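Okay, my_file36.pdb now, which holds PDB, C-alpha atoms:
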ATOM      1  CA  MET A   1     110.791 105.972 103.650  1.00  0.00           C
ATOM      2  CA  SER A   2     112.541 104.550 100.591  1.00  0.00           C
ATOM      3  CA  THR A   3     111.638 105.369  97.016  1.00  0.00           C
ATOM      4  CA  ILE A   4     110.562 101.775  96.356  1.00  0.00           C
ATOM      5  CA  VAL A   5     108.223 101.828  99.357  1.00  0.00           C
ATOM      6  CA  GLN A   6     106.751 105.158  98.234  1.00  0.00           C
ATOM      7  CA  ASN A   7     106.332 103.836  94.705  1.00  0.00           C
ATOM      8  CA  LEU A   8     104.584 100.706  95.948  1.00  0.00           C
ATOM      9  CA  GLN A   9     102.155 102.866  97.888  1.00  0.00           C
ATOM     10  CA  ALA A  10     101.493 104.994  94.805  1.00  0.00           C
ATOM     11  CA  VAL A  11     100.898 101.949  92.597  1.00  0.00           C
ATOM     12  CA  ASP A  12      98.572 100.468  95.184  1.00  0.00           C
ATOM     13  CA  ALA A  13      96.629 103.738  95.269  1.00  0.00           C
ATOM     14  CA  SER A  14      96.315 103.599  91.474  1.00  0.00           C
ATOM     15  CA  ILE A  15      94.982 100.044  91.652  1.00  0.00           C
ATOM     16  CA  VAL A  16      92.528 101.016  94.386  1.00  0.00           C
ATOM     17  CA  ALA A  17      91.262 103.952  92.318  1.00  0.00           C
ATOM     18  CA  ALA A  18      90.919 101.847  89.163  1.00  0.00           C
ATOM     19  CA  ALA A  19      89.176  99.037  91.039  1.00  0.00           C
ATOM     20  CA  ASP A  20      86.788 101.470  92.747  1.00  0.00           C
ATOM     21  CA  ALA A  21      85.920 103.048  89.398  1.00  0.00           C
ATOM     22  CA  ALA A  22      85.190  99.604  87.957  1.00  0.00           C
ATOM     23  CA  GLY A  23      83.160  98.498  90.976  1.00  0.00           C
ATOM     24  CA  ARG A  24      85.717  95.847  91.857  1.00  0.00           C
ATOM     25  CA  PRO A  25      87.321  95.110  95.249  1.00  0.00           C
ATOM     26  CA  ARG A  26      91.007  95.872  95.639  1.00  0.00           C
ATOM     27  CA  ASN A  27      91.759  92.268  96.531  1.00  0.00           C
ATOM     28  CA  ALA A  28      90.522  91.155  93.098  1.00  0.00           C
ATOM     29  CA  VAL A  29      93.757  92.492  91.587  1.00  0.00           C
ATOM     30  CA  GLN A  30      97.192  91.120  92.466  1.00  0.00           C
ATOM     31  CA  LEU A  31     100.226  93.333  92.002  1.00  0.00           C
ATOM     32  CA  LEU A  32     103.134  91.505  90.400  1.00  0.00           C
ATOM     33  CA  ALA A  33     106.321  93.534  90.880  1.00  0.00           C
ATOM     34  CA  VAL A  34     108.472  93.062  87.779  1.00  0.00           C
ATOM     35  CA  SER A  35     112.001  92.969  89.149  1.00  0.00           C
ATOM     36  CA  LYS A  36     113.902  92.025  85.986  1.00  0.00           C
ATOM     37  CA  THR A  37     117.274  93.826  85.684  1.00  0.00           C
ATOM     38  CA  PHE A  38     117.028  95.040  89.293  1.00  0.00           C
ATOM     39  CA  PRO A  39     119.208  93.511  92.031  1.00  0.00           C
ATOM     40  CA  ALA A  40     118.154  91.282  94.878  1.00  0.00           C
ATOM     41  CA  GLU A  41     118.477  94.284  97.193  1.00  0.00           C
ATOM     42  CA  ALA A  42     115.562  95.959  95.411  1.00  0.00           C
ATOM     43  CA  VAL A  43     113.447  92.846  95.850  1.00  0.00           C
ATOM     44  CA  LEU A  44     114.334  92.696  99.539  1.00  0.00           C
ATOM     45  CA  GLU A  45     113.343  96.340  99.939  1.00  0.00           C
ATOM     46  CA  ALA A  46     109.969  95.671  98.331  1.00  0.00           C
ATOM     47  CA  ALA A  47     109.478  92.513 100.390  1.00  0.00           C
ATOM     48  CA  ALA A  48     110.127  94.483 103.577  1.00  0.00           C
ATOM     49  CA  ALA A  49     107.136  96.615 102.558  1.00  0.00           C
ATOM     50  CA  GLY A  50     104.951  93.530 102.167  1.00  0.00           C
ATOM     51  CA  GLN A  51     105.311  92.848  98.429  1.00  0.00           C
ATOM     52  CA  TYR A  52     105.993  89.147  97.901  1.00  0.00           C
ATOM     53  CA  ALA A  53     105.049  88.399  94.267  1.00  0.00           C
ATOM     54  CA  PHE A  54     107.783  89.141  91.724  1.00  0.00           C
ATOM     55  CA  GLY A  55     108.080  88.673  87.975  1.00  0.00           C
ATOM     56  CA  GLU A  56     111.307  87.789  86.183  1.00  0.00           C
ATOM     57  CA  ASN A  57     112.099  87.602  82.438  1.00  0.00           C
ATOM     58  CA  TYR A  58     115.670  86.327  82.246  1.00  0.00           C
ATOM     59  CA  LEU A  59     116.294  82.871  83.626  1.00  0.00           C
ATOM     60  CA  GLN A  60     119.895  83.021  84.848  1.00  0.00           C
ATOM     61  CA  GLU A  61     119.418  86.449  86.407  1.00  0.00           C
ATOM     62  CA  ALA A  62     116.261  85.160  88.079  1.00  0.00           C
ATOM     63  CA  LEU A  63     117.897  82.021  89.467  1.00  0.00           C
ATOM     64  CA  ASP A  64     120.730  84.033  91.016  1.00  0.00           C
ATOM     65  CA  LYS A  65     118.284  86.564  92.455  1.00  0.00           C
ATOM     66  CA  ILE A  66     115.914  83.942  93.839  1.00  0.00           C
ATOM     67  CA  ALA A  67     118.813  82.199  95.569  1.00  0.00           C
ATOM     68  CA  ALA A  68     120.005  85.457  97.123  1.00  0.00           C
ATOM     69  CA  VAL A  69     116.530  86.459  98.287  1.00  0.00           C
ATOM     70  CA  SER A  70     115.821  82.986  99.663  1.00  0.00           C
ATOM     71  CA  HIS A  71     119.060  83.110 101.629  1.00  0.00           C
ATOM     72  CA  ALA A  72     118.224  86.530 103.058  1.00  0.00           C
ATOM     73  CA  LEU A  73     114.532  85.809 103.748  1.00  0.00           C
ATOM     74  CA  PRO A  74     114.202  82.030 104.178  1.00  0.00           C
ATOM     75  CA  ALA A  75     110.775  82.249 105.831  1.00  0.00           C
ATOM     76  CA  ALA A  76     109.171  84.878 103.566  1.00  0.00           C
ATOM     77  CA  PRO A  77     106.218  83.708 101.430  1.00  0.00           C
ATOM     78  CA  MET A  78     107.885  84.696  98.161  1.00  0.00           C
ATOM     79  CA  GLU A  79     106.028  83.914  94.933  1.00  0.00           C
ATOM     80  CA  TRP A  80     108.073  83.956  91.723  1.00  0.00           C
ATOM     81  CA  HIS A  81     106.481  84.329  88.302  1.00  0.00           C
ATOM     82  CA  PHE A  82     108.323  83.700  85.046  1.00  0.00           C
ATOM     83  CA  ILE A  83     107.132  86.263  82.492  1.00  0.00           C
ATOM     84  CA  GLY A  84     109.766  86.072  79.758  1.00  0.00           C
ATOM     85  CA  PRO A  85     110.201  84.071  76.558  1.00  0.00           C
ATOM     86  CA  ILE A  86     110.759  80.361  77.184  1.00  0.00           C
ATOM     87  CA  GLN A  87     113.359  78.358  75.296  1.00  0.00           C
ATOM     88  CA  SER A  88     112.935  74.579  75.219  1.00  0.00           C
ATOM     89  CA  ASN A  89     116.320  74.003  76.856  1.00  0.00           C
ATOM     90  CA  LYS A  90     115.412  76.258  79.801  1.00  0.00           C
ATOM     91  CA  THR A  91     112.174  74.620  80.898  1.00  0.00           C
ATOM     92  CA  ARG A  92     113.627  72.372  83.620  1.00  0.00           C
ATOM     93  CA  PRO A  93     114.801  75.122  86.009  1.00  0.00           C
ATOM     94  CA  ILE A  94     111.648  77.138  85.281  1.00  0.00           C
ATOM     95  CA  ALA A  95     109.499  74.129  86.176  1.00  0.00           C
ATOM     96  CA  ALA A  96     111.492  73.534  89.362  1.00  0.00           C
ATOM     97  CA  ILE A  97     111.784  77.062  90.745  1.00  0.00           C
ATOM     98  CA  PHE A  98     108.786  79.158  89.750  1.00  0.00           C
ATOM     99  CA  ALA A  99     105.191  79.094  91.012  1.00  0.00           C
ATOM    100  CA  TRP A 100     103.736  80.701  87.872  1.00  0.00           C
ATOM    101  CA  VAL A 101     104.593  80.894  84.182  1.00  0.00           C
ATOM    102  CA  HIS A 102     102.740  83.565  82.170  1.00  0.00           C
ATOM    103  CA  THR A 103     104.271  83.064  78.745  1.00  0.00           C
ATOM    104  CA  VAL A 104     103.271  79.644  77.438  1.00  0.00           C
ATOM    105  CA  GLU A 105     102.403  79.863  73.741  1.00  0.00           C
ATOM    106  CA  ARG A 106     103.221  76.366  72.455  1.00  0.00           C
ATOM    107  CA  LEU A 107     102.085  72.918  73.522  1.00  0.00           C
ATOM    108  CA  LYS A 108     105.657  71.608  73.379  1.00  0.00           C
ATOM    109  CA  ILE A 109     106.728  74.062  76.084  1.00  0.00           C
ATOM    110  CA  ALA A 110     103.740  73.184  78.266  1.00  0.00           C
ATOM    111  CA  GLN A 111     104.494  69.475  77.892  1.00  0.00           C
ATOM    112  CA  ARG A 112     108.100  69.983  78.962  1.00  0.00           C
ATOM    113  CA  LEU A 113     107.049  72.071  81.963  1.00  0.00           C
ATOM    114  CA  SER A 114     104.581  69.351  82.953  1.00  0.00           C
ATOM    115  CA  GLU A 115     107.126  66.559  82.602  1.00  0.00           C
ATOM    116  CA  GLN A 116     109.795  68.496  84.507  1.00  0.00           C
ATOM    117  CA  ARG A 117     107.691  69.873  87.372  1.00  0.00           C
ATOM    118  CA  PRO A 118     108.948  68.142  90.537  1.00  0.00           C
ATOM    119  CA  PRO A 119     106.117  65.912  91.790  1.00  0.00           C
ATOM    120  CA  GLN A 120     106.480  67.068  95.383  1.00  0.00           C
ATOM    121  CA  LEU A 121     105.608  70.638  94.370  1.00  0.00           C
ATOM    122  CA  ALA A 122     102.140  72.049  93.809  1.00  0.00           C
ATOM    123  CA  PRO A 123     101.044  72.165  90.166  1.00  0.00           C
ATOM    124  CA  LEU A 124     102.722  74.920  88.158  1.00  0.00           C
ATOM    125  CA  ASN A 125     100.279  77.765  87.487  1.00  0.00           C
ATOM    126  CA  ILE A 126     100.099  78.532  83.767  1.00  0.00           C
ATOM    127  CA  CYS A 127      98.848  81.459  81.713  1.00  0.00           C
ATOM    128  CA  LEU A 128      98.723  81.226  77.939  1.00  0.00           C
ATOM    129  CA  GLN A 129     100.205  84.253  76.193  1.00  0.00           C
ATOM    130  CA  VAL A 130      97.968  85.549  73.410  1.00  0.00           C
ATOM    131  CA  ASN A 131      99.112  87.858  70.611  1.00  0.00           C
ATOM    132  CA  ILE A 132      95.997  90.001  70.594  1.00  0.00           C
ATOM    133  CA  SER A 133      97.470  92.828  68.504  1.00  0.00           C
ATOM    134  CA  GLY A 134      98.739  90.605  65.702  1.00  0.00           C
ATOM    135  CA  GLU A 135     102.226  92.114  65.894  1.00  0.00           C
ATOM    136  CA  ALA A 136     104.914  90.032  64.216  1.00  0.00           C
ATOM    137  CA  SER A 137     107.392  91.089  66.898  1.00  0.00           C
ATOM    138  CA  LYS A 138     105.204  89.863  69.765  1.00  0.00           C
ATOM    139  CA  SER A 139     105.077  86.360  71.148  1.00  0.00           C
ATOM    140  CA  GLY A 140     101.838  84.553  71.767  1.00  0.00           C
ATOM    141  CA  VAL A 141      99.351  82.123  70.344  1.00  0.00           C
ATOM    142  CA  THR A 142      96.853  83.556  67.871  1.00  0.00           C
ATOM    143  CA  PRO A 143      93.284  84.015  69.077  1.00  0.00           C
ATOM    144  CA  GLU A 144      92.177  81.448  66.496  1.00  0.00           C
ATOM    145  CA  ALA A 145      94.551  78.767  67.806  1.00  0.00           C
ATOM    146  CA  LEU A 146      93.928  79.548  71.485  1.00  0.00           C
ATOM    147  CA  PRO A 147      91.002  77.177  72.212  1.00  0.00           C
ATOM    148  CA  GLU A 148      92.844  74.094  70.930  1.00  0.00           C
ATOM    149  CA  LEU A 149      95.981  74.983  72.886  1.00  0.00           C
ATOM    150  CA  ALA A 150      93.996  75.710  76.041  1.00  0.00           C
ATOM    151  CA  ARG A 151      92.197  72.361  75.895  1.00  0.00           C
ATOM    152  CA  ALA A 152      95.480  70.502  75.421  1.00  0.00           C
ATOM    153  CA  VAL A 153      97.326  72.326  78.214  1.00  0.00           C
ATOM    154  CA  ALA A 154      94.427  71.857  80.629  1.00  0.00           C
ATOM    155  CA  GLN A 155      94.852  68.082  80.315  1.00  0.00           C
ATOM    156  CA  LEU A 156      98.525  68.014  81.283  1.00  0.00           C
ATOM    157  CA  PRO A 157      99.487  66.701  84.737  1.00  0.00           C
ATOM    158  CA  HIS A 158     101.519  68.834  87.162  1.00  0.00           C
ATOM    159  CA  LEU A 159     100.164  72.031  85.569  1.00  0.00           C
ATOM    160  CA  ARG A 160      97.152  74.168  86.431  1.00  0.00           C
ATOM    161  CA  LEU A 161      95.894  76.312  83.582  1.00  0.00           C
ATOM    162  CA  ARG A 162      94.827  79.544  85.290  1.00  0.00           C
ATOM    163  CA  GLY A 163      94.139  81.968  82.462  1.00  0.00           C
ATOM    164  CA  LEU A 164      95.489  84.250  79.783  1.00  0.00           C
ATOM    165  CA  MET A 165      98.213  86.870  79.455  1.00  0.00           C
ATOM    166  CA  ALA A 166      98.880  89.527  76.817  1.00  0.00           C
ATOM    167  CA  ILE A 167     101.176  92.441  76.058  1.00  0.00           C
ATOM    168  CA  PRO A 168      99.141  94.514  73.610  1.00  0.00           C
ATOM    169  CA  GLU A 169     100.514  97.156  71.305  1.00  0.00           C
ATOM    170  CA  ALA A 170     101.246 100.323  73.289  1.00  0.00           C
ATOM    171  CA  GLN A 171      98.467 102.896  73.124  1.00  0.00           C
ATOM    172  CA  VAL A 172      98.194 106.351  74.649  1.00  0.00           C
ATOM    173  CA  GLN A 173      94.421 106.789  74.667  1.00  0.00           C
ATOM    174  CA  LEU A 174      92.518 105.098  77.479  1.00  0.00           C
ATOM    175  CA  GLU A 175      89.774 103.743  75.238  1.00  0.00           C
ATOM    176  CA  GLN A 176      92.291 102.181  72.871  1.00  0.00           C
ATOM    177  CA  GLN A 177      94.039 100.574  75.831  1.00  0.00           C
ATOM    178  CA  ARG A 178      90.735  99.254  77.114  1.00  0.00           C
ATOM    179  CA  ALA A 179      89.767  97.889  73.692  1.00  0.00           C
ATOM    180  CA  ALA A 180      92.916  95.752  73.554  1.00  0.00           C
ATOM    181  CA  PHE A 181      92.376  94.358  77.029  1.00  0.00           C
ATOM    182  CA  ARG A 182      88.697  93.790  76.237  1.00  0.00           C
ATOM    183  CA  THR A 183      89.790  91.534  73.384  1.00  0.00           C
ATOM    184  CA  LEU A 184      91.683  89.321  75.827  1.00  0.00           C
ATOM    185  CA  ARG A 185      88.802  89.328  78.299  1.00  0.00           C
ATOM    186  CA  VAL A 186      86.361  88.180  75.604  1.00  0.00           C
ATOM    187  CA  LEU A 187      88.671  85.270  74.714  1.00  0.00           C
ATOM    188  CA  TYR A 188      88.933  84.396  78.401  1.00  0.00           C
ATOM    189  CA  GLU A 189      85.170  84.510  78.870  1.00  0.00           C
ATOM    190  CA  ARG A 190      84.631  82.266  75.843  1.00  0.00           C
ATOM    191  CA  LEU A 191      86.943  79.643  77.309  1.00  0.00           C
ATOM    192  CA  ARG A 192      85.134  79.838  80.627  1.00  0.00           C
ATOM    193  CA  ALA A 193      81.800  79.508  78.864  1.00  0.00           C
ATOM    194  CA  ASP A 194      83.145  76.337  77.256  1.00  0.00           C
ATOM    195  CA  GLY A 195      83.699  74.891  80.715  1.00  0.00           C
ATOM    196  CA  MET A 196      87.328  75.760  81.417  1.00  0.00           C
ATOM    197  CA  ALA A 197      88.036  76.625  85.059  1.00  0.00           C
ATOM    198  CA  LEU A 198      90.011  79.818  84.494  1.00  0.00           C
ATOM    199  CA  ASP A 199      90.388  82.623  87.021  1.00  0.00           C
ATOM    200  CA  THR A 200      93.311  84.780  85.843  1.00  0.00           C
ATOM    201  CA  LEU A 201      93.773  87.647  83.412  1.00  0.00           C
ATOM    202  CA  SER A 202      97.396  88.797  83.504  1.00  0.00           C
ATOM    203  CA  MET A 203      97.352  92.134  81.727  1.00  0.00           C
ATOM    204  CA  GLY A 204      98.353  95.725  82.307  1.00  0.00           C
ATOM    205  CA  MET A 205     101.700  97.314  83.121  1.00  0.00           C
ATOM    206  CA  SER A 206     102.914 100.622  84.530  1.00  0.00           C
ATOM    207  CA  ALA A 207     101.478 102.766  81.725  1.00  0.00           C
ATOM    208  CA  ASP A 208      98.091 101.099  81.300  1.00  0.00           C
ATOM    209  CA  LEU A 209      97.162  99.330  84.520  1.00  0.00           C
ATOM    210  CA  GLY A 210      94.055 101.499  84.956  1.00  0.00           C
ATOM    211  CA  ALA A 211      92.621 100.335  81.650  1.00  0.00           C
ATOM    212  CA  ALA A 212      93.526  96.731  82.445  1.00  0.00           C
ATOM    213  CA  VAL A 213      91.809  96.801  85.838  1.00  0.00           C
ATOM    214  CA  ALA A 214      88.735  98.362  84.229  1.00  0.00           C
ATOM    215  CA  GLU A 215      88.595  95.411  81.824  1.00  0.00           C
ATOM    216  CA  GLY A 216      88.964  92.736  84.474  1.00  0.00           C
ATOM    217  CA  ALA A 217      92.686  92.183  85.054  1.00  0.00           C
ATOM    218  CA  THR A 218      93.388  89.955  88.041  1.00  0.00           C
ATOM    219  CA  ILE A 219      97.180  90.389  87.855  1.00  0.00           C
ATOM    220  CA  VAL A 220      98.919  93.601  86.786  1.00  0.00           C
ATOM    221  CA  ARG A 221     102.649  93.417  86.020  1.00  0.00           C
ATOM    222  CA  VAL A 222     104.336  96.627  87.171  1.00  0.00           C
ATOM    223  CA  GLY A 223     108.077  97.270  87.030  1.00  0.00           C
ATOM    224  CA  SER A 224     109.276 100.784  86.281  1.00  0.00           C
ATOM    225  CA  ALA A 225     106.592 102.471  88.396  1.00  0.00           C
ATOM    226  CA  ILE A 226     107.989 100.561  91.385  1.00  0.00           C
ATOM    227  CA  PHE A 227     111.707 100.196  90.758  1.00  0.00           C
ATOM    228  CA  GLY A 228     112.422 103.074  88.360  1.00  0.00           C
ATOM    229  CA  SER A 229     113.722 103.121  84.804  1.00  0.00           C
ATOM    230  CA  ARG A 230     115.636 100.046  83.704  1.00  0.00           C
ATOM    231  CA  LYS A 231     119.244 100.160  82.607  1.00  0.00           C
ATOM    232  CA  TYR A 232     120.017  97.500  80.023  1.00  0.00           C
ATOM    233  CA  GLU A 233     123.618  96.579  79.397  1.00  0.00           C
TER     234      GLU A 233
END
Please re-express this file's structure in structure tokens.
Amino acid sequence: MSTIVQNLQAVDASIVAAADAAGRPRNAVQLLAVSKTFPAEAVLEAAAAGQYAFGENYLQEALDKIAAVSHALPAAPMEWHFIGPIQSNKTRPIAAIFAWVHTVERLKIAQRLSEQRPPQLAPLNICLQVNISGEASKSGVTPEALPELARAVAQLPHLRLRGLMAIPEAQVQLEQQRAAFRTLRVLYERLRADGMALDTLSMGMSADLGAAVAEGATIVRVGSAIFGSRKYE
């Protein structure tokens, strides 16, 4: 059994344990394997173990990898999520290739994705990235500006606003981790109470997925716990 397969089993066990502790079913939480900086071979290894949803941050790397994986597994139900920063001049290939985008923080980007989504494809699933920790170095719409952005994005054709995403400030203590994710969940619940048909909370990574699941995450984005430490050039 390969290391990636063993790691996937371990991550799944962690999700099961966190979901059980929170009184949630395992199928309420989707595992998104973050494959950025890892080769197509790693994705193929994970796919052979039944993992089909992958997150990518860097567009050109992702396009090359998606092409290679599609060539190797033309019939596999692969689901690609873009989870990196979005530049205006990169929206066309993102709109054409990906099923999900988690990092929309500006209406201009959402408008471009809507305009450039090929009409024969299903609507592009969108999460709005929220800067819940107020860090200057982090991307995301402010909590105060979120409702206006959400209402505007929800009206765009060829997009489906699914929910919210955040990367909170790293915390070691479980309760501090939970508090950050609770902030996002409260924002999400307010939008739902206002009539928005949201169903997705994309939050939690390798180090804090337990806290995220406890606070209602529906997608956890896990990379290093599956593929190992990243090597950046």
Can you check which parts of range 125-219 of chain A lie within 10 Å of range 93-104 of chain A? Per residue, the shortest pair of atoms and distance in Å to one decimal, counting all atoms listed in the file, sorted by chain and number, as a tab-separated table.
residue	atom	partner	partner_atom	distance
A:Asn125	CA	A:Trp100	CA	4.6
A:Ile126	CA	A:Val101	CA	5.1
A:Cys127	CA	A:His102	CA	4.4
A:Leu128	CA	A:Val104	CA	4.8
A:Gln129	CA	A:Thr103	CA	4.9
A:Val130	CA	A:Thr103	CA	8.6
A:Ser139	CA	A:Thr103	CA	8.3
A:Gly140	CA	A:Thr103	CA	7.5
A:Val141	CA	A:Val104	CA	8.5
A:Leu149	CA	A:Val104	CA	9.8
A:Val153	CA	A:Val104	CA	9.5
A:His158	CA	A:Ala95	CA	9.6
A:Leu159	CA	A:Ala95	CA	9.6
A:Arg160	CA	A:Trp100	CA	9.4
A:Leu161	CA	A:Val101	CA	9.9
A:Arg162	CA	A:Trp100	CA	9.3
A:Gly163	CA	A:His102	CA	8.8
A:Leu164	CA	A:His102	CA	7.7
A:Met165	CA	A:His102	CA	6.2
A:Ala166	CA	A:Thr103	CA	8.6
A:Leu201	CA	A:His102	CA	9.9
A:Ser202	CA	A:His102	CA	7.6
With a cut-off of 12 Å, could you pull out the residues of range 131-220 of chain A touching range 15-23 of chain A and give me the nearest pair of atoms for each, distance in Å to one decimal, using all atoms listed in the file, ordered by chain and ascending number, as JSON lines?
{"residue": "A:Gly204", "atom": "CA", "partner": "A:Ile15", "partner_atom": "CA", "distance": 10.8}
{"residue": "A:Met205", "atom": "CA", "partner": "A:Ile15", "partner_atom": "CA", "distance": 11.2}
{"residue": "A:Ser206", "atom": "CA", "partner": "A:Ile15", "partner_atom": "CA", "distance": 10.7}
{"residue": "A:Asp208", "atom": "CA", "partner": "A:Ala18", "partner_atom": "CA", "distance": 10.7}
{"residue": "A:Leu209", "atom": "CA", "partner": "A:Ile15", "partner_atom": "CA", "distance": 7.5}
{"residue": "A:Gly210", "atom": "CA", "partner": "A:Ala18", "partner_atom": "CA", "distance": 5.3}
{"residue": "A:Ala211", "atom": "CA", "partner": "A:Ala18", "partner_atom": "CA", "distance": 7.9}
{"residue": "A:Ala212", "atom": "CA", "partner": "A:Ala18", "partner_atom": "CA", "distance": 8.8}
{"residue": "A:Val213", "atom": "CA", "partner": "A:Ala18", "partner_atom": "CA", "distance": 6.1}
{"residue": "A:Ala214", "atom": "CA", "partner": "A:Ala22", "partner_atom": "CA", "distance": 5.3}
{"residue": "A:Glu215", "atom": "CA", "partner": "A:Ala22", "partner_atom": "CA", "distance": 8.2}
{"residue": "A:Gly216", "atom": "CA", "partner": "A:Ala22", "partner_atom": "CA", "distance": 8.6}
{"residue": "A:Ala217", "atom": "CA", "partner": "A:Ala19", "partner_atom": "CA", "distance": 9.8}
{"residue": "A:Thr218", "atom": "CA", "partner": "A:Ala19", "partner_atom": "CA", "distance": 10.5}
{"residue": "A:Ile219", "atom": "CA", "partner": "A:Ile15", "partner_atom": "CA", "distance": 10.6}
{"residue": "A:Val220", "atom": "CA", "partner": "A:Ile15", "partner_atom": "CA", "distance": 9.0}
Using C-alpha atoms, can you write the selected residues to a file as a PDB file, keeping the file's coordinate frame?
ATOM      1  CA  GLY A 204      98.353  95.725  82.307  1.00  0.00           C
ATOM      2  CA  MET A 205     101.700  97.314  83.121  1.00  0.00           C
ATOM      3  CA  SER A 206     102.914 100.622  84.530  1.00  0.00           C
ATOM      4  CA  ASP A 208      98.091 101.099  81.300  1.00  0.00           C
ATOM      5  CA  LEU A 209      97.162  99.330  84.520  1.00  0.00           C
ATOM      6  CA  GLY A 210      94.055 101.499  84.956  1.00  0.00           C
ATOM      7  CA  ALA A 211      92.621 100.335  81.650  1.00  0.00           C
ATOM      8  CA  ALA A 212      93.526  96.731  82.445  1.00  0.00           C
ATOM      9  CA  VAL A 213      91.809  96.801  85.838  1.00  0.00           C
ATOM     10  CA  ALA A 214      88.735  98.362  84.229  1.00  0.00           C
ATOM     11  CA  GLU A 215      88.595  95.411  81.824  1.00  0.00           C
ATOM     12  CA  GLY A 216      88.964  92.736  84.474  1.00  0.00           C
ATOM     13  CA  ALA A 217      92.686  92.183  85.054  1.00  0.00           C
ATOM     14  CA  THR A 218      93.388  89.955  88.041  1.00  0.00           C
ATOM     15  CA  ILE A 219      97.180  90.389  87.855  1.00  0.00           C
ATOM     16  CA  VAL A 220      98.919  93.601  86.786  1.00  0.00           C
TER      17      VAL A 220
END
Report summary line: Taken to one decimal, the CA of Glu175 in chain A-CA of Asn57 in chain A distance is 28.5 Å
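Here CA of Ala180 in chain A stands at a distance of 19.1 Å from CA of Arg192 in chain A.
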Query raised in the report: If you apply the PyMOL selection byres ((chain A and resi 113-117) around 7) to this file, what residues do you get, as JSON, numbers by chain?
Result: {"A": [91, 92, 95, 96, 109, 110, 111, 112, 118, 119, 156, 157, 158, 159]}
Query - Resolved residues for the PyMOL selection byres ((chain A and resi 71-73) around 12) as an MDAnalysis selection string - result: chainID A and resid 40:41 43:45 47:48 52 64:70 74:78
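Against this structure, the PyMOL selection byres ((chain A and resi 34) around 10) ends up with Leu31, Leu32, Ala33, Ser35, Lys36, Thr37, Phe38, Val43, Ala53, Phe54, Gly55, Glu56, Asn57, Trp80, His81, Phe82, Ile83, Met205, Ser206, Val220, Arg221, Val222, Gly223, Ser224, Ala225, Ile226 and Phe227 of chain A.
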Since we have the selection now, will you write its residues out, keeping C-alpha atoms, as a PDB file, keeping the file's coordinate frame?
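Okay, this is what ended up in again_27.pdb:
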ATOM      1  CA  LEU A  31     100.226  93.333  92.002  1.00  0.00           C
ATOM      2  CA  LEU A  32     103.134  91.505  90.400  1.00  0.00           C
ATOM      3  CA  ALA A  33     106.321  93.534  90.880  1.00  0.00           C
ATOM      4  CA  SER A  35     112.001  92.969  89.149  1.00  0.00           C
ATOM      5  CA  LYS A  36     113.902  92.025  85.986  1.00  0.00           C
ATOM      6  CA  THR A  37     117.274  93.826  85.684  1.00  0.00           C
ATOM      7  CA  PHE A  38     117.028  95.040  89.293  1.00  0.00           C
ATOM      8  CA  VAL A  43     113.447  92.846  95.850  1.00  0.00           C
ATOM      9  CA  ALA A  53     105.049  88.399  94.267  1.00  0.00           C
ATOM     10  CA  PHE A  54     107.783  89.141  91.724  1.00  0.00           C
ATOM     11  CA  GLY A  55     108.080  88.673  87.975  1.00  0.00           C
ATOM     12  CA  GLU A  56     111.307  87.789  86.183  1.00  0.00           C
ATOM     13  CA  ASN A  57     112.099  87.602  82.438  1.00  0.00           C
ATOM     14  CA  TRP A  80     108.073  83.956  91.723  1.00  0.00           C
ATOM     15  CA  HIS A  81     106.481  84.329  88.302  1.00  0.00           C
ATOM     16  CA  PHE A  82     108.323  83.700  85.046  1.00  0.00           C
ATOM     17  CA  ILE A  83     107.132  86.263  82.492  1.00  0.00           C
ATOM     18  CA  MET A 205     101.700  97.314  83.121  1.00  0.00           C
ATOM     19  CA  SER A 206     102.914 100.622  84.530  1.00  0.00           C
ATOM     20  CA  VAL A 220      98.919  93.601  86.786  1.00  0.00           C
ATOM     21  CA  ARG A 221     102.649  93.417  86.020  1.00  0.00           C
ATOM     22  CA  VAL A 222     104.336  96.627  87.171  1.00  0.00           C
ATOM     23  CA  GLY A 223     108.077  97.270  87.030  1.00  0.00           C
ATOM     24  CA  SER A 224     109.276 100.784  86.281  1.00  0.00           C
ATOM     25  CA  ALA A 225     106.592 102.471  88.396  1.00  0.00           C
ATOM     26  CA  ILE A 226     107.989 100.561  91.385  1.00  0.00           C
ATOM     27  CA  PHE A 227     111.707 100.196  90.758  1.00  0.00           C
TER      28      PHE A 227
END
Do you have, as a Markdown table, the list of residues of range 27-68 of chain A lying at most 12 Å from range 9-14 of chain A, each with its nearest atom pair and that distance in Å to one decimal, counting all atoms listed in the file and ordered by chain then number?
| residue | atom | partner | partner_atom | distance |
| --- | --- | --- | --- | --- |
| A:Asn27 | CA | A:Asp12 | CA | 10.7 |
| A:Val29 | CA | A:Asp12 | CA | 10.0 |
| A:Gln30 | CA | A:Asp12 | CA | 9.8 |
| A:Leu31 | CA | A:Asp12 | CA | 8.0 |
| A:Leu32 | CA | A:Val11 | CA | 10.9 |
| A:Ala33 | CA | A:Val11 | CA | 10.2 |
| A:Ala46 | CA | A:Gln9 | CA | 10.6 |
| A:Ala49 | CA | A:Gln9 | CA | 9.3 |
| A:Gly50 | CA | A:Gln9 | CA | 10.6 |
| A:Gln51 | CA | A:Gln9 | CA | 10.5 |
Report summary line: In terms of only C-alpha atoms, the residue from A:Pro123, A:Gly228, A:Pro168, A:Pro147 at minimal distance from Arg190 in chain A is A:Pro147
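Atom to atom, CA of Thr142 in chain A and CA of Leu187 in chain A stand 10.8 Å apart.
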Using the file's own x, y and z axes, what box holds all listed atoms of range 52-62 of chain A with 6 Å on each side, keeping edges along x, y and z, and what are its centre and edge lengths in Å to one decimal, as AutoDock Vina command-line options?
--center_x 112.5 --center_y 86.0 --center_z 90.1 --size_x 26.8 --size_y 18.3 --size_z 27.7
